[in-house]
>>> print(open('data29.json').read())   # JSON, C-alpha atoms and all ligand atoms
[["chain", "number", "residue", "atom", "x", "y", "z"],
["A", 178, "MET", "CA", -59.98, -12.13, 9.70],
["A", 179, "ASP", "CA", -61.44, -9.60, 7.24],
["A", 180, "ALA", "CA", -60.79, -10.32, 3.57],
["A", 181, "LEU", "CA", -59.00, -7.62, 1.58],
["A", 182, "LEU", "CA", -58.05, -7.35, -2.09],
["A", 183, "LEU", "CA", -54.30, -6.82, -2.38],
["A", 184, "HIS", "CA", -52.85, -5.44, -5.59],
["A", 185, "THR", "CA", -49.50, -7.21, -5.87],
["A", 186, "CYS", "CA", -46.63, -5.93, -7.97],
["A", 187, "CYS", "CA", -44.26, -8.86, -7.34],
["A", 188, "GLY", "CA", -43.24, -11.72, -5.04],
["A", 189, "PRO", "CA", -40.51, -9.86, -3.08],
["A", 190, "CYS", "CA", -42.81, -7.04, -1.90],
["A", 191, "SER", "CA", -45.47, -9.61, -1.01],
["A", 192, "THR", "CA", -43.08, -11.35, 1.42],
["A", 193, "VAL", "CA", -43.55, -8.47, 3.87],
["A", 194, "ALA", "CA", -46.87, -6.94, 2.75],
["A", 195, "VAL", "CA", -48.84, -10.17, 3.26],
["A", 196, "PRO", "CA", -47.55, -10.83, 6.83],
["A", 197, "ALA", "CA", -47.98, -7.12, 7.69],
["A", 198, "LEU", "CA", -51.66, -7.25, 6.67],
["A", 199, "ARG", "CA", -52.24, -10.56, 8.43],
["A", 200, "GLU", "CA", -50.73, -9.03, 11.60],
["A", 201, "ARG", "CA", -53.38, -6.29, 11.28],
["A", 202, "GLY", "CA", -56.19, -8.83, 11.03],
["A", 203, "PHE", "CA", -56.68, -8.95, 7.24],
["A", 204, "GLU", "CA", -56.52, -11.99, 4.96],
["A", 205, "PRO", "CA", -55.43, -10.80, 1.51],
["A", 206, "VAL", "CA", -56.70, -12.05, -1.82],
["A", 207, "ALA", "CA", -53.76, -11.16, -4.06],
["A", 208, "LEU", "CA", -54.36, -9.72, -7.51],
["A", 209, "PHE", "CA", -51.62, -9.42, -10.12],
["A", 210, "THR", "CA", -52.58, -6.74, -12.64],
["A", 211, "ASN", "CA", -49.54, -4.91, -14.00],
["A", 212, "PRO", "CA", -49.66, -4.19, -17.74],
["A", 213, "ASN", "CA", -46.81, -1.71, -17.23],
["A", 214, "ILE", "CA", -44.20, -4.48, -16.96],
["A", 215, "GLN", "CA", -42.06, -4.89, -20.05],
["A", 216, "PRO", "CA", -40.75, -6.90, -21.82],
["A", 217, "LEU", "CA", -43.06, -9.94, -21.63],
["A", 218, "GLY", "CA", -40.25, -12.17, -20.36],
["A", 219, "GLU", "CA", -39.86, -9.87, -17.35],
["A", 220, "LEU", "CA", -43.62, -9.97, -16.75],
["A", 221, "ALA", "CA", -43.50, -13.78, -16.74],
["A", 222, "ARG", "CA", -40.57, -13.86, -14.28],
["A", 223, "ARG", "CA", -42.35, -11.55, -11.84],
["A", 224, "GLN", "CA", -45.59, -13.53, -12.09],
["A", 225, "GLU", "CA", -43.69, -16.76, -11.48],
["A", 226, "ALA", "CA", -41.95, -15.32, -8.38],
["A", 227, "LEU", "CA", -45.33, -14.27, -7.02],
["A", 228, "ARG", "CA", -46.85, -17.71, -7.73],
["A", 229, "GLN", "CA", -43.89, -19.29, -5.94],
["A", 230, "TYR", "CA", -44.38, -17.06, -2.89],
["A", 231, "ALA", "CA", -48.19, -17.50, -2.88],
["A", 232, "ALA", "CA", -47.89, -21.31, -2.91],
["A", 233, "GLY", "CA", -45.65, -21.25, 0.17],
["A", 234, "ALA", "CA", -47.69, -18.63, 2.02],
["A", 235, "ALA", "CA", -51.14, -20.21, 1.40],
["A", 236, "LEU", "CA", -52.12, -16.99, -0.35],
["A", 237, "ASP", "CA", -55.17, -16.86, -2.62],
["A", 238, "LEU", "CA", -53.81, -15.45, -5.90],
["A", 239, "VAL", "CA", -55.66, -14.12, -8.95],
["A", 240, "VAL", "CA", -53.56, -13.36, -12.02],
["A", 241, "GLN", "CA", -55.62, -11.11, -14.24],
["A", 242, "PRO", "CA", -55.17, -11.55, -17.99],
["A", 243, "GLU", "CA", -53.19, -8.40, -18.74],
["A", 244, "PRO", "CA", -54.84, -5.92, -21.11],
["A", 245, "GLY", "CA", -51.39, -5.61, -22.69],
["A", 246, "PHE", "CA", -48.72, -3.00, -23.01],
["A", 247, "ASP", "CA", -50.58, -1.40, -25.93],
["A", 248, "VAL", "CA", -53.46, -0.55, -23.55],
["A", 249, "TRP", "CA", -51.03, 0.83, -20.98],
["A", 250, "MET", "CA", -49.46, 3.01, -23.68],
["A", 251, "ARG", "CA", -52.85, 4.20, -24.95],
["A", 252, "GLU", "CA", -54.04, 5.04, -21.43],
["A", 253, "LEU", "CA", -50.89, 6.97, -20.68],
["A", 254, "GLY", "CA", -50.90, 8.61, -24.10],
["A", 255, "ALA", "CA", -48.79, 11.73, -24.28],
["A", 256, "ALA", "CA", -47.71, 11.27, -20.66],
["A", 257, "VAL", "CA", -45.14, 8.69, -21.78],
["A", 258, "ASP", "CA", -43.27, 11.53, -23.42],
["A", 259, "GLY", "CA", -44.05, 13.91, -20.58],
["A", 260, "SER", "CA", -42.77, 14.07, -17.03],
["A", 261, "ALA", "CA", -42.05, 10.93, -15.00],
["A", 262, "ASP", "CA", -44.51, 12.24, -12.39],
["A", 263, "GLU", "CA", -47.37, 12.28, -14.87],
["A", 264, "ARG", "CA", -46.39, 8.91, -16.31],
["A", 265, "CYS", "CA", -46.27, 7.28, -12.86],
["A", 266, "ARG", "CA", -49.49, 8.92, -11.71],
["A", 267, "LEU", "CA", -51.42, 7.54, -14.68],
["A", 268, "CYS", "CA", -49.69, 4.17, -14.43],
["A", 269, "LEU", "CA", -50.70, 3.87, -10.76],
["A", 270, "ARG", "CA", -54.22, 5.01, -11.62],
["A", 271, "LEU", "CA", -54.59, 2.27, -14.23],
["A", 272, "ARG", "CA", -53.42, -0.50, -11.90],
["A", 273, "LEU", "CA", -55.17, 0.67, -8.73],
["A", 274, "SER", "CA", -58.42, 1.24, -10.63],
["A", 275, "SER", "CA", -58.24, -2.34, -11.85],
["A", 276, "ALA", "CA", -57.68, -3.51, -8.25],
["A", 277, "ALA", "CA", -60.57, -1.37, -6.92],
["A", 278, "ARG", "CA", -62.88, -2.74, -9.64],
["A", 279, "THR", "CA", -61.94, -6.32, -8.78],
["A", 280, "ALA", "CA", -62.52, -5.65, -5.06],
["A", 281, "ALA", "CA", -66.00, -4.29, -5.84],
["A", 282, "GLU", "CA", -66.80, -7.25, -8.12],
["A", 283, "ARG", "CA", -65.84, -9.65, -5.33],
["A", 284, "ASP", "CA", -67.79, -7.73, -2.67],
["A", 285, "LEU", "CA", -64.61, -6.88, -0.79],
["A", 286, "ARG", "CA", -64.89, -3.63, 1.13],
["A", 287, "LEU", "CA", -61.16, -2.90, 1.27],
["A", 288, "PHE", "CA", -58.19, -2.98, -1.06],
["A", 289, "SER", "CA", -54.50, -2.18, -0.73],
["A", 290, "THR", "CA", -51.22, -2.56, -2.65],
["A", 291, "THR", "CA", -47.77, -4.08, -2.14],
["A", 292, "LEU", "CA", -46.28, -1.07, -3.95],
["A", 293, "SER", "CA", -46.08, 0.68, -0.57],
["A", 294, "VAL", "CA", -43.12, -1.56, 0.40],
["A", 295, "SER", "CA", -40.77, 0.11, -2.09],
["A", 296, "PRO", "CA", -38.89, 3.28, -1.14],
["A", 297, "TYR", "CA", -38.52, 3.93, -4.88],
["A", 298, "GLN", "CA", -42.25, 4.37, -5.48],
["A", 299, "ARG", "CA", -44.07, 7.69, -5.21],
["A", 300, "HIS", "CA", -46.05, 7.13, -2.01],
["A", 301, "ASP", "CA", -47.92, 10.41, -2.29],
["A", 302, "LEU", "CA", -49.23, 9.26, -5.68],
["A", 303, "ILE", "CA", -50.07, 5.77, -4.40],
["A", 304, "ALA", "CA", -52.20, 7.28, -1.61],
["A", 305, "VAL", "CA", -53.96, 9.81, -3.87],
["A", 306, "GLU", "CA", -54.63, 7.40, -6.73],
["A", 307, "GLY", "CA", -55.65, 4.56, -4.41],
["A", 308, "ARG", "CA", -58.23, 6.75, -2.66],
["A", 309, "ARG", "CA", -59.46, 8.10, -5.97],
["A", 310, "ALA", "CA", -59.92, 4.59, -7.40],
["A", 311, "GLY", "CA", -61.69, 3.53, -4.20],
["A", 312, "ARG", "CA", -64.14, 6.44, -4.39],
["A", 313, "GLU", "CA", -64.97, 5.65, -8.01],
["A", 314, "MET", "CA", -65.66, 1.97, -7.28],
["A", 315, "GLY", "CA", -67.32, 2.37, -3.87],
["A", 316, "VAL", "CA", -64.57, 0.56, -1.93],
["A", 317, "GLU", "CA", -62.01, 1.81, 0.58],
["A", 318, "PHE", "CA", -58.27, 2.05, -0.09],
["A", 319, "LEU", "CA", -56.04, 1.05, 2.81],
["A", 320, "TYR", "CA", -52.66, 2.78, 2.56],
["A", 321, "VAL", "CA", -50.02, 1.15, 4.78],
["A", 322, "ASP", "CA", -46.49, 2.57, 4.62],
["A", 323, "LEU", "CA", -44.22, -0.50, 4.65],
["A", 324, "ARG", "CA", -40.97, 1.12, 3.58],
["A", 325, "ASP", "CA", -39.37, 0.25, 6.91],
["A", 326, "ARG", "CA", -39.71, -3.43, 5.93],
["A", 327, "TYR", "CA", -38.05, -3.08, 2.53],
["A", 328, "ARG", "CA", -34.70, -4.56, 3.70],
["A", 329, "GLU", "CA", -36.61, -7.43, 5.22],
["A", 330, "SER", "CA", -38.23, -8.11, 1.83],
["A", 331, "ILE", "CA", -34.79, -8.36, 0.20],
["A", 332, "GLU", "CA", -33.62, -10.85, 2.82],
["A", 333, "ALA", "CA", -36.84, -12.89, 2.57],
["A", 334, "SER", "CA", -36.57, -13.02, -1.24],
["A", 335, "ARG", "CA", -33.00, -14.30, -1.00],
["A", 336, "ARG", "CA", -33.98, -16.89, 1.57],
["A", 337, "LEU", "CA", -36.90, -18.11, -0.58],
["A", 338, "GLY", "CA", -34.96, -17.93, -3.85],
["A", 339, "LEU", "CA", -37.41, -15.45, -5.41],
["A", 340, "TYR", "CA", -36.53, -13.47, -8.52],
["A", 341, "ARG", "CA", -36.07, -9.77, -7.67],
["A", 342, "GLN", "CA", -36.53, -7.20, -10.41],
["A", 343, "ARG", "CA", -33.99, -4.44, -11.03],
["A", 344, "TYR", "CA", -36.33, -1.77, -12.35],
["A", 345, "CYS", "CA", -39.88, -0.58, -11.76],
["A", 346, "GLY", "CA", -41.56, -2.00, -14.86],
["A", 347, "CYS", "CA", -41.91, 0.22, -17.93],
["A", 348, "VAL", "CA", -39.31, 0.68, -20.65],
["A", 349, "PRO", "CA", -38.35, 4.21, -19.48],
["A", 350, "SER", "CA", -37.76, 2.88, -15.93],
["A", 351, "MET", "CA", -35.59, 0.07, -17.31],
["A", 352, "TRP", "CA", -33.50, 2.62, -19.15],
["A", 353, "GLU", "CA", -33.24, 4.91, -16.07],
["A", 354, "ALA", "CA", -32.14, 2.03, -13.82],
["A", 355, "TRP", "CA", -29.54, 0.87, -16.34],
["A", 356, "ASN", "CA", -28.24, 4.42, -16.68],
["A", 357, "ASP", "CA", -28.00, 4.83, -12.89],
["A", 358, "ARG", "CA", -26.02, 1.62, -12.52],
["A", 359, "LEU", "CA", -23.68, 2.67, -15.32],
["A", 360, "SER", "CA", -23.09, 6.08, -13.66],
["A", 361, "GLN", "CA", -22.39, 4.41, -10.30],
["A", 362, "ARG", "CA", -19.88, 2.05, -11.92],
["A", 363, "ARG", "CA", -18.15, 4.97, -13.63],
["A", 364, "ARG", "CA", -17.95, 6.94, -10.37],
["A", 365, "ALA", "CA", -16.48, 3.89, -8.64],
["A", 366, "GLY", "CA", -13.80, 3.91, -11.37],
["A", 401, "LIG", "S1", -41.64, 4.04, -13.46],
["A", 401, "LIG", "FE1", -42.99, 2.42, -12.62],
["A", 401, "LIG", "S2", -44.78, 3.50, -11.79],
["A", 401, "LIG", "FE2", -43.71, 4.90, -13.18],
["A", 401, "LIG", "S3", -44.70, 4.63, -15.18],
["A", 401, "LIG", "FE3", -42.93, 3.25, -15.13],
["A", 401, "LIG", "S4", -43.75, 1.29, -14.41],
["A", 401, "LIG", "FE4", -45.28, 2.87, -13.91]]
>>> encode(input="data29.json", output="structure tokens", more="lines below")
Ligand code: SF4
Amino acid sequence: MDALLLHTCCGPCSTVAVPALRERGFEPVALFTNPNIQPLGELARRQEALRQYAAGAALDLVVQPEPGFDVWMRELGAAVDGSADERCRLCLRLRLSSAARTAAERDLRLFSTTLSVSPYQRHDLIAVEGRRAGREMGVEFLYVDLRDRYRESIEASRRLGLYRQRYCGCVPSMWEAWNDRLSQRRRAG
């Protein structure tokens, strides 16, 4: 099998992304690098769920010391107050660039991301920013659309007892998800 660096956002998405890549002949080295996740307690829960999954799946896992939310905020700068599109684009750029750099440092030709499991992510931005990061670091980004396995990831997470997050990661996304749930509850009466 060919080795591949896999940017991993969480345990639940990994439950389908890792088997999907293995089915295609790749053995992933998982990298957790997500300074966008706030607060720190949430970051720890997601890391722990990924460690739990990795131990059971014999997955090589690297947890990168996070540069911190302050770096994420500085990198995104004014975009945090701007459109969600711009915020997400820069957020994906930061994380996928880190993954591409790690792939190059480890002499891995290919890298990919578990973010492509979620139907809530901007897949157009994942593809563009992944390819851009790959070009800059001299590695190739493998985009695999795994949205059709999203339900499967929910079932696998339940079966394995993995923590599943309820929002994307940043404080604005936490607020948006909370607001959506509140609106749904109000509509339901
Ligand atoms: S919603 Fe998700 S992808 Fe977008 S900026 Fe927040 S953490 Fe990043």
>>> residues_near_ligand(input="data29.json", ligand="ligand LIG 401 (chain A)", cutoff="9 Å", atoms="only C-alpha atoms and all ligand atoms", output="short mmCIF file (atom, residue, chain, number, x, y, z; two decimals) with C-alpha atoms, keeping the file's coordinate frame")
data_model
loop_
_atom_site.label_atom_id
_atom_site.label_comp_id
_atom_site.auth_asym_id
_atom_site.auth_seq_id
_atom_site.Cartn_x
_atom_site.Cartn_y
_atom_site.Cartn_z
CA ASN A 211 -49.54 -4.91 -14.00
CA PRO A 212 -49.66 -4.19 -17.74
CA ASN A 213 -46.81 -1.71 -17.23
CA ILE A 214 -44.20 -4.48 -16.96
CA GLN A 215 -42.06 -4.89 -20.05
CA LEU A 253 -50.89 6.97 -20.68
CA VAL A 257 -45.14 8.69 -21.78
CA ALA A 261 -42.05 10.93 -15.00
CA ASP A 262 -44.51 12.24 -12.39
CA GLU A 263 -47.37 12.28 -14.87
CA ARG A 264 -46.39 8.91 -16.31
CA CYS A 265 -46.27 7.28 -12.86
CA ARG A 266 -49.49 8.92 -11.71
CA LEU A 267 -51.42 7.54 -14.68
CA CYS A 268 -49.69 4.17 -14.43
CA LEU A 269 -50.70 3.87 -10.76
CA GLN A 298 -42.25 4.37 -5.48
CA ARG A 299 -44.07 7.69 -5.21
CA TYR A 344 -36.33 -1.77 -12.35
CA CYS A 345 -39.88 -0.58 -11.76
CA GLY A 346 -41.56 -2.00 -14.86
CA CYS A 347 -41.91 0.22 -17.93
CA VAL A 348 -39.31 0.68 -20.65
CA PRO A 349 -38.35 4.21 -19.48
CA SER A 350 -37.76 2.88 -15.93
CA MET A 351 -35.59 0.07 -17.31
CA GLU A 353 -33.24 4.91 -16.07
#
>>> atom_distance(input="data29.json", atom1="atom CA of A:Phe288", atom2="atom CA of A:Thr210")
13.4 Å
>>> closest_residue(input="data29.json", among="A:Glu219, A:Glu306, A:Glu329, A:Asp237", to="A:Thr185", atoms="only C-alpha atoms")
A:Asp237
>>> atom_distance(input="data29.json", atom1="atom CA of A:Gln342", atom2="atom CA of A:Ala207")
18.8 Å
>>> atom_distance(input="data29.json", atom1="atom CA of A:Leu273", atom2="atom CA of A:Asn356")
28.3 Å
>>> build_atoms(input="data29.json", residues="stretch 307-322 of chain A", atoms="N, CA and C atoms", output="PDB file, in the coordinates of the input")
ATOM      1  N   GLY A 307     -54.922   5.646  -5.056  1.00  0.00           N
ATOM      2  CA  GLY A 307     -55.650   4.560  -4.410  1.00  0.00           C
ATOM      3  C   GLY A 307     -56.991   5.067  -3.883  1.00  0.00           C
ATOM      4  N   ARG A 308     -56.971   6.209  -3.211  1.00  0.00           N
ATOM      5  CA  ARG A 308     -58.230   6.750  -2.660  1.00  0.00           C
ATOM      6  C   ARG A 308     -59.189   7.151  -3.778  1.00  0.00           C
ATOM      7  N   ARG A 309     -58.630   7.704  -4.820  1.00  0.00           N
ATOM      8  CA  ARG A 309     -59.460   8.100  -5.970  1.00  0.00           C
ATOM      9  C   ARG A 309     -60.153   6.881  -6.593  1.00  0.00           C
ATOM     10  N   ALA A 310     -59.360   5.818  -6.801  1.00  0.00           N
ATOM     11  CA  ALA A 310     -59.920   4.590  -7.400  1.00  0.00           C
ATOM     12  C   ALA A 310     -60.990   4.013  -6.472  1.00  0.00           C
ATOM     13  N   GLY A 311     -60.727   4.044  -5.165  1.00  0.00           N
ATOM     14  CA  GLY A 311     -61.690   3.530  -4.200  1.00  0.00           C
ATOM     15  C   GLY A 311     -63.016   4.286  -4.260  1.00  0.00           C
ATOM     16  N   ARG A 312     -62.921   5.611  -4.315  1.00  0.00           N
ATOM     17  CA  ARG A 312     -64.140   6.440  -4.390  1.00  0.00           C
ATOM     18  C   ARG A 312     -64.957   6.076  -5.622  1.00  0.00           C
ATOM     19  N   GLU A 313     -64.269   5.929  -6.747  1.00  0.00           N
ATOM     20  CA  GLU A 313     -64.970   5.650  -8.010  1.00  0.00           C
ATOM     21  C   GLU A 313     -65.676   4.297  -7.990  1.00  0.00           C
ATOM     22  N   MET A 314     -65.103   3.335  -7.271  1.00  0.00           N
ATOM     23  CA  MET A 314     -65.660   1.970  -7.280  1.00  0.00           C
ATOM     24  C   MET A 314     -66.451   1.643  -6.018  1.00  0.00           C
ATOM     25  N   GLY A 315     -66.539   2.608  -5.089  1.00  0.00           N
ATOM     26  CA  GLY A 315     -67.320   2.370  -3.870  1.00  0.00           C
ATOM     27  C   GLY A 315     -66.664   1.407  -2.896  1.00  0.00           C
ATOM     28  N   VAL A 316     -65.314   1.378  -2.904  1.00  0.00           N
ATOM     29  CA  VAL A 316     -64.570   0.560  -1.930  1.00  0.00           C
ATOM     30  C   VAL A 316     -63.541   1.463  -1.246  1.00  0.00           C
ATOM     31  N   GLU A 317     -62.934   0.951  -0.184  1.00  0.00           N
ATOM     32  CA  GLU A 317     -62.010   1.810   0.580  1.00  0.00           C
ATOM     33  C   GLU A 317     -60.563   1.379   0.349  1.00  0.00           C
ATOM     34  N   PHE A 318     -59.692   2.353   0.112  1.00  0.00           N
ATOM     35  CA  PHE A 318     -58.270   2.050  -0.090  1.00  0.00           C
ATOM     36  C   PHE A 318     -57.553   2.134   1.250  1.00  0.00           C
ATOM     37  N   LEU A 319     -56.817   1.071   1.568  1.00  0.00           N
ATOM     38  CA  LEU A 319     -56.040   1.050   2.810  1.00  0.00           C
ATOM     39  C   LEU A 319     -54.573   1.288   2.465  1.00  0.00           C
ATOM     40  N   TYR A 320     -54.080   2.477   2.799  1.00  0.00           N
ATOM     41  CA  TYR A 320     -52.660   2.780   2.560  1.00  0.00           C
ATOM     42  C   TYR A 320     -51.868   2.415   3.812  1.00  0.00           C
ATOM     43  N   VAL A 321     -50.891   1.539   3.647  1.00  0.00           N
ATOM     44  CA  VAL A 321     -50.020   1.150   4.780  1.00  0.00           C
ATOM     45  C   VAL A 321     -48.584   1.372   4.329  1.00  0.00           C
ATOM     46  N   ASP A 322     -47.888   2.281   4.982  1.00  0.00           N
ATOM     47  CA  ASP A 322     -46.490   2.570   4.620  1.00  0.00           C
ATOM     48  C   ASP A 322     -45.605   1.446   5.151  1.00  0.00           C
TER      49      ASP A 322
END
